[in-house]
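**Student:** One file: query_14.cif (mmCIF, C-alpha atoms and all ligand atoms).
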data_coords
#
loop_
_atom_site.group_PDB
_atom_site.id
_atom_site.type_symbol
_atom_site.label_atom_id
_atom_site.label_comp_id
_atom_site.auth_asym_id
_atom_site.auth_seq_id
_atom_site.Cartn_x
_atom_site.Cartn_y
_atom_site.Cartn_z
ATOM 1 C CA MET A 1 20.225 -35.748 18.445
ATOM 2 C CA LYS A 2 18.495 -37.582 15.555
ATOM 3 C CA LYS A 3 21.610 -39.720 15.108
ATOM 4 C CA LEU A 4 21.643 -40.595 18.810
ATOM 5 C CA VAL A 5 17.942 -41.526 18.786
ATOM 6 C CA ALA A 6 18.545 -43.714 15.737
ATOM 7 C CA GLU A 7 21.461 -45.460 17.461
ATOM 8 C CA ILE A 8 19.551 -46.031 20.710
ATOM 9 C CA SER A 9 16.294 -47.164 19.082
ATOM 10 C CA GLY A 10 17.805 -49.047 16.149
ATOM 11 C CA VAL A 11 15.206 -47.330 13.919
ATOM 12 C CA VAL A 12 17.123 -46.105 10.890
ATOM 13 C CA SER A 13 16.338 -45.203 7.310
ATOM 14 C CA VAL A 14 17.923 -46.980 4.360
ATOM 15 C CA LEU A 15 18.584 -45.221 1.042
ATOM 16 C CA ASP A 16 18.532 -47.234 -2.186
ATOM 17 C CA ASP A 17 19.380 -45.960 -5.660
ATOM 18 C CA MET A 18 16.381 -45.970 -7.996
ATOM 19 C CA CYS A 19 15.492 -45.190 -11.607
ATOM 20 C CA ILE A 20 14.604 -41.509 -12.138
ATOM 21 C CA ASN A 21 11.416 -42.722 -13.881
ATOM 22 C CA SER A 22 10.487 -44.854 -10.816
ATOM 23 C CA CYS A 23 10.641 -48.144 -12.766
ATOM 24 C CA THR A 24 12.640 -50.007 -10.120
ATOM 25 C CA ALA A 25 15.117 -49.660 -7.281
ATOM 26 C CA PHE A 26 18.636 -50.942 -7.916
ATOM 27 C CA VAL A 27 18.477 -53.761 -5.373
ATOM 28 C CA GLY A 28 18.366 -57.568 -5.549
ATOM 29 C CA PRO A 29 18.837 -58.720 -9.169
ATOM 30 C CA PHE A 30 19.436 -55.065 -10.215
ATOM 31 C CA ALA A 31 21.947 -54.226 -7.456
ATOM 32 C CA ASP A 32 24.865 -53.919 -9.885
ATOM 33 C CA ALA A 33 22.959 -52.495 -12.863
ATOM 34 C CA THR A 34 24.266 -49.210 -14.240
ATOM 35 C CA GLU A 35 21.089 -48.463 -16.187
ATOM 36 C CA CYS A 36 17.384 -49.088 -15.609
ATOM 37 C CA PRO A 37 16.352 -52.574 -16.865
ATOM 38 C CA VAL A 38 13.004 -51.112 -18.003
ATOM 39 C CA CYS A 39 13.677 -47.669 -19.530
ATOM 40 C CA GLN A 40 17.508 -47.784 -19.841
ATOM 41 C CA GLU A 41 17.962 -44.419 -18.080
ATOM 42 C CA PRO A 42 21.438 -44.322 -16.508
ATOM 43 C CA ARG A 43 21.640 -44.950 -12.760
ATOM 44 C CA TYR A 44 24.441 -42.449 -12.158
ATOM 45 C CA LYS A 45 25.347 -38.986 -13.279
ATOM 46 C CA VAL A 46 29.045 -38.374 -13.731
ATOM 47 C CA GLN A 47 30.419 -35.223 -12.136
ATOM 48 C CA LYS A 48 33.227 -33.140 -13.671
ATOM 49 C CA SER A 49 35.657 -34.828 -11.279
ATOM 50 C CA GLY A 50 34.644 -38.202 -12.752
ATOM 51 C CA LYS A 51 32.782 -39.225 -9.581
ATOM 52 C CA LYS A 52 29.558 -41.163 -10.170
ATOM 53 C CA VAL A 53 26.561 -39.996 -8.164
ATOM 54 C CA PRO A 54 23.190 -41.834 -8.030
ATOM 55 C CA ARG A 55 20.495 -39.770 -9.772
ATOM 56 C CA GLN A 56 17.634 -40.717 -7.437
ATOM 57 C CA HIS A 57 17.104 -42.351 -4.031
ATOM 58 C CA ALA A 58 14.197 -44.169 -2.384
ATOM 59 C CA CYS A 59 14.003 -44.200 1.406
ATOM 60 C CA THR A 60 12.922 -47.283 3.403
ATOM 61 C CA ILE A 61 12.424 -47.351 7.175
ATOM 62 C CA PRO A 62 12.757 -51.063 8.014
ATOM 63 C CA LEU A 63 9.782 -52.467 9.923
ATOM 64 C CA GLY A 64 11.582 -54.874 12.289
ATOM 65 C CA PRO A 65 13.295 -52.323 14.578
ATOM 66 C CA GLN A 66 10.093 -50.252 14.711
ATOM 67 C CA LEU A 67 8.084 -53.289 15.860
ATOM 68 C CA GLN A 68 10.732 -54.171 18.442
ATOM 69 C CA ALA A 69 10.474 -50.631 19.816
ATOM 70 C CA LEU A 70 6.711 -51.132 20.390
ATOM 71 C CA HIS A 71 7.529 -53.752 23.027
ATOM 72 C CA ARG A 72 9.725 -51.364 25.020
ATOM 73 C CA SER A 73 6.836 -49.701 26.869
ATOM 74 C CA PRO A 74 4.443 -51.750 29.059
ATOM 75 C CA GLU A 75 1.439 -49.719 27.781
ATOM 76 C CA SER A 76 2.254 -50.355 24.145
ATOM 77 C CA ALA A 77 3.017 -54.051 24.726
ATOM 78 C CA ALA A 78 -0.334 -54.455 26.541
ATOM 79 C CA ALA A 79 -2.219 -52.612 23.766
ATOM 80 C CA LEU A 80 -0.750 -55.050 21.218
ATOM 81 C CA THR A 81 -2.655 -57.966 22.812
ATOM 82 C CA TYR A 82 -5.928 -56.571 21.395
ATOM 83 C CA ARG A 83 -5.794 -58.698 18.225
ATOM 84 C CA ASP A 84 -5.333 -61.961 20.124
ATOM 85 C CA GLN A 85 -8.220 -61.266 22.547
ATOM 86 C CA LYS A 86 -10.514 -59.871 19.871
ATOM 87 C CA THR A 87 -9.899 -62.800 17.526
ATOM 88 C CA LYS A 88 -10.890 -65.243 20.287
ATOM 89 C CA GLU A 89 -14.079 -63.241 20.948
ATOM 90 C CA ILE A 90 -14.911 -63.087 17.248
ATOM 91 C CA LEU A 91 -14.350 -66.825 16.677
ATOM 92 C CA GLU A 92 -16.563 -67.618 19.676
ATOM 93 C CA ALA A 93 -19.269 -65.213 18.482
ATOM 94 C CA PHE A 94 -19.275 -66.694 14.971
ATOM 95 C CA ARG A 95 -19.421 -70.214 16.444
ATOM 96 C CA THR A 96 -22.420 -69.504 18.684
ATOM 97 C CA THR A 97 -24.395 -66.847 16.769
ATOM 98 C CA PRO A 98 -26.358 -67.270 13.513
ATOM 99 C CA LEU A 99 -24.273 -65.741 10.695
ATOM 100 C CA THR A 100 -26.962 -63.132 9.904
ATOM 101 C CA ASP A 101 -26.705 -61.794 13.479
ATOM 102 C CA CYS A 102 -22.886 -61.631 13.598
ATOM 103 C CA VAL A 103 -21.370 -58.158 13.767
ATOM 104 C CA TYR A 104 -18.411 -57.341 11.507
ATOM 105 C CA GLU A 105 -16.518 -54.886 13.676
ATOM 106 C CA ASP A 106 -12.876 -55.395 12.718
ATOM 107 C CA ILE A 107 -10.839 -56.869 9.857
ATOM 108 C CA PHE A 108 -10.491 -60.036 11.974
ATOM 109 C CA SER A 109 -14.263 -60.576 11.621
ATOM 110 C CA GLY A 110 -13.833 -61.209 7.882
ATOM 111 C CA SER A 111 -13.994 -64.824 6.683
ATOM 112 C CA ASP A 112 -10.517 -64.695 5.077
ATOM 113 C CA LEU A 113 -8.867 -63.928 8.410
ATOM 114 C CA ARG A 114 -11.162 -66.212 10.433
ATOM 115 C CA ASN A 115 -10.224 -69.092 8.125
ATOM 116 C CA LEU A 116 -6.565 -68.127 8.350
ATOM 117 C CA VAL A 117 -6.345 -68.114 12.160
ATOM 118 C CA THR A 118 -8.203 -71.437 12.420
ATOM 119 C CA ASN A 119 -5.825 -73.049 9.882
ATOM 120 C CA PRO A 120 -3.674 -75.464 11.952
ATOM 121 C CA GLU A 121 -0.637 -74.637 9.811
ATOM 122 C CA ILE A 122 -0.775 -70.985 10.911
ATOM 123 C CA THR A 123 0.557 -70.560 14.413
ATOM 124 C CA LEU A 124 -0.241 -66.946 15.202
ATOM 125 C CA SER A 125 0.642 -66.260 18.850
ATOM 126 C CA VAL A 126 -0.167 -63.307 21.097
ATOM 127 C CA ASN A 127 3.393 -62.049 20.541
ATOM 128 C CA ASP A 128 3.120 -61.959 16.743
ATOM 129 C CA ILE A 129 2.298 -58.663 15.072
ATOM 130 C CA THR A 130 0.169 -58.272 11.960
ATOM 131 C CA VAL A 131 0.376 -55.163 9.779
ATOM 132 C CA SER A 132 -1.391 -53.601 6.823
ATOM 133 C CA PHE A 133 0.558 -51.781 4.109
ATOM 134 C CA SER A 134 -0.779 -48.643 2.480
ATOM 135 C CA LEU A 135 0.801 -46.530 -0.295
ATOM 136 C CA ASP A 136 -0.406 -43.314 -1.862
ATOM 137 C CA GLY A 137 0.895 -40.324 -3.769
ATOM 138 C CA ALA A 138 1.115 -36.980 -1.993
ATOM 139 C CA GLN A 139 1.197 -33.546 -3.547
ATOM 140 C CA LEU A 140 3.609 -31.557 -1.417
ATOM 141 C CA TYR A 141 3.535 -28.406 -3.575
ATOM 142 C CA GLN A 142 0.423 -26.582 -4.780
ATOM 143 C CA ASN A 143 1.436 -26.278 -8.425
ATOM 144 C CA LYS A 144 3.142 -29.600 -9.011
ATOM 145 C CA LYS A 145 1.849 -33.026 -9.928
ATOM 146 C CA LEU A 146 1.863 -35.818 -7.349
ATOM 147 C CA ASP A 147 5.487 -35.595 -6.416
ATOM 148 C CA THR A 148 6.119 -38.032 -3.590
ATOM 149 C CA TRP A 149 4.853 -41.526 -2.798
ATOM 150 C CA ILE A 150 4.523 -42.342 0.871
ATOM 151 C CA ALA A 151 3.840 -45.768 2.352
ATOM 152 C CA ILE A 152 2.791 -46.596 5.900
ATOM 153 C CA TRP A 153 2.297 -49.630 8.112
ATOM 154 C CA ILE A 154 -0.908 -49.948 10.163
ATOM 155 C CA ILE A 155 -0.585 -52.122 13.262
ATOM 156 C CA ASN A 156 -3.682 -54.352 13.136
ATOM 157 C CA ASP A 157 -2.964 -55.634 16.638
ATOM 158 C CA TYR A 158 -3.994 -52.310 18.190
ATOM 159 C CA ASP A 159 -7.639 -51.517 18.809
ATOM 160 C CA PRO A 160 -9.136 -49.826 15.690
ATOM 161 C CA LYS A 161 -9.763 -46.796 17.929
ATOM 162 C CA MET A 162 -6.003 -46.244 18.088
ATOM 163 C CA HIS A 163 -4.367 -47.947 15.114
ATOM 164 C CA TYR A 164 -5.076 -45.100 12.661
ATOM 165 C CA LYS A 165 -3.898 -42.392 15.106
ATOM 166 C CA LYS A 166 -0.825 -40.643 13.713
ATOM 167 C CA LYS A 167 1.256 -41.641 16.728
ATOM 168 C CA HIS A 168 0.695 -45.344 16.005
ATOM 169 C CA VAL A 169 1.096 -45.287 12.218
ATOM 170 C CA LEU A 170 4.591 -46.394 11.218
ATOM 171 C CA PRO A 171 6.447 -44.936 8.236
ATOM 172 C CA ALA A 172 7.481 -47.503 5.610
ATOM 173 C CA LEU A 173 8.728 -45.779 2.461
ATOM 174 C CA VAL A 174 9.262 -42.404 0.863
ATOM 175 C CA ILE A 175 9.676 -42.616 -2.927
ATOM 176 C CA PRO A 176 10.220 -39.500 -5.045
ATOM 177 C CA GLY A 177 7.906 -38.985 -8.038
ATOM 178 C CA PRO A 178 6.513 -37.692 -10.226
ATOM 179 C CA ASN A 179 5.900 -41.204 -11.602
ATOM 180 C CA LYS A 180 4.172 -43.935 -9.641
ATOM 181 C CA PRO A 181 6.618 -46.622 -8.461
ATOM 182 C CA LYS A 182 6.279 -49.600 -10.806
ATOM 183 C CA ASN A 183 8.229 -52.431 -9.136
ATOM 184 C CA LEU A 184 7.282 -52.049 -5.470
ATOM 185 C CA ASP A 185 8.915 -55.347 -4.512
ATOM 186 C CA THR A 186 12.293 -53.731 -5.099
HETATM 187 ZN ZN ZN B 1 13.465 -46.752 -15.591
#
Would it be possible to restate this file's structure as structure tokens?
**Tutor:**
Amino acid sequence: MKKLVAEISGVVSVLDDMCINSCTAFVGPFADATECPVCQEPRYKVQKSGKKVPRQHACTIPLGPQLQALHRSPESAAALTYRDQKTKEILEAFRTTPLTDCVYEDIFSGSDLRNLVTNPEITLSVNDITVSFSLDGAQLYQNKKLDTWIAIWIINDYDPKMHYKKKHVLPALVIPGPNKPKNLDT
């Protein structure tokens, strides 16, 4: 059933080999490396049969197919227009209200994002989606150190009342510990 859902939705997970000390994943410039470029730990363990098996995997759930899926229901697609409407309201409020009376009620109220959306080189349309990335360690067993690192995407385009609800938080990464991932770009 999980395989069928993955095929229909296009939402799949991708496994990449990684250093057992969490220095880096073996992707990009390290795709063909047989040992970690940082700590020199070998990438593979060799079984008795001579077969090489990766020692550790990181799991990525690509964002693109998950965002596409959000447009498949009319309710979700409508909810995603919040950011566009709210940004217009905020820009108008900041234009017509003294700064000391302006209410900061969403991340789009902040000056960094207000300056960004009024930059003529940025063409953010109602159909674009903006996300926030968040990563933290999780202790899954009572008597072990932080043993898994989990990253999520927050959809900023939903109303803040809903964008932190579990249903609307998208999974991004699961990285085994116990060490903190060092080269997150990989
Ligand atoms: Zn390493």
**Student:** Measuring atom to atom with only C-alpha atoms and all ligand atoms, identify which of A:Pro181, A:Gly10, A:Pro160, A:Pro37 is nearest to ligand ZN 1 (chain B).
**Tutor:**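 The closest residue to ligand ZN 1 (chain B) is A:Pro37.
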**Student:** Around ligand ZN 1 (chain B), at most 6 Å away and counting all atoms listed in the file, which residues are there? Put them as a PDB file with C-alpha atoms, in the frame of the given file, please.
**Tutor:**
ATOM      1  CA  CYS A  19      15.492 -45.190 -11.607  1.00  0.00           C
ATOM      2  CA  ASN A  21      11.416 -42.722 -13.881  1.00  0.00           C
ATOM      3  CA  SER A  22      10.487 -44.854 -10.816  1.00  0.00           C
ATOM      4  CA  CYS A  23      10.641 -48.144 -12.766  1.00  0.00           C
ATOM      5  CA  CYS A  36      17.384 -49.088 -15.609  1.00  0.00           C
ATOM      6  CA  VAL A  38      13.004 -51.112 -18.003  1.00  0.00           C
ATOM      7  CA  CYS A  39      13.677 -47.669 -19.530  1.00  0.00           C
ATOM      8  CA  GLN A  40      17.508 -47.784 -19.841  1.00  0.00           C
ATOM      9  CA  GLU A  41      17.962 -44.419 -18.080  1.00  0.00           C
TER      10      GLU A  41
END
**Student:** Do you know which residues the PyMOL selection byres (((chain A and resi 133-148) around 10) and not hetatm) returns on this file, as a list in words?
**Tutor:**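 On this input, the PyMOL selection byres (((chain A and resi 133-148) around 10) and not hetatm) captures Val131, Ser132, Trp149, Ile150, Ala151, Ile152, Trp153, Ile154, Ile155, Leu170, Pro171, Ala172, Leu173, Val174, Ile175, Pro176, Gly177, Pro178, Asn179, Lys180, Pro181 and Leu184 of chain A.
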**Student:** Using all atoms listed in the file, which of the listed residues (A:Ala77, A:Ala31, A:Ile107, A:Val14) sits closest to Pro62 (chain A)?
**Tutor:**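 Comparing A:Ala77, A:Ala31, A:Ile107, A:Val14 against Pro62 (chain A), the winner is A:Val14.
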**Student:** I'd like the interatomic distance between CA of Ser109 (chain A) and CA of Ile90 (chain A), to a tenth of an Å.
**Tutor:** 6.2 Å
**Student:** Expressed in Å to a single decimal, how great is the separation between CA of Pro65 (chain A) and CA of Thr123 (chain A)?
**Tutor:**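 CA of Thr123 (chain A) lies 22.2 Å from CA of Pro65 (chain A).
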**Student:** Which residues come within 10 Å of Asp185 (chain A), counting only C-alpha atoms, excluding same-chain residues fewer than 4 positions away, as a JSON list (two decimals) with C-alpha atoms, keeping the file's coordinate frame?
**Tutor:**
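Done, and the output landed in around_16.json:
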[["chain", "number", "residue", "atom", "x", "y", "z"],
["A", 24, "THR", "CA", 12.64, -50.01, -10.12],
["A", 25, "ALA", "CA", 15.12, -49.66, -7.28],
["A", 27, "VAL", "CA", 18.48, -53.76, -5.37],
["A", 28, "GLY", "CA", 18.37, -57.57, -5.55],
["A", 181, "PRO", "CA", 6.62, -46.62, -8.46]]
**Student:** So which residues touch Ser111 (chain A) within 12 Å, counting only C-alpha atoms, skipping near sequence neighbours fewer than 5 positions away, as an NGL selection string?
**Tutor:** :A and (87 or 90-91 or 94 or 99 or 102 or 104 or 106 or 116-118)
**Student:** Could you tell me how far CA of Gln56 (chain A) lies from CA of Ala6 (chain A), in Å and to one decimal?
**Tutor:**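 Rounded to one decimal, the two atoms are 23.4 Å apart.
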**Student:** Translate the PyMOL selection byres (((chain A and resi 16) around 8) and not hetatm), as applied to the file shown, into an explicit residue set as JSON, numbers by chain.
**Tutor:** {"A": [14, 15, 17, 18, 25, 26, 27, 57, 58, 59, 60]}
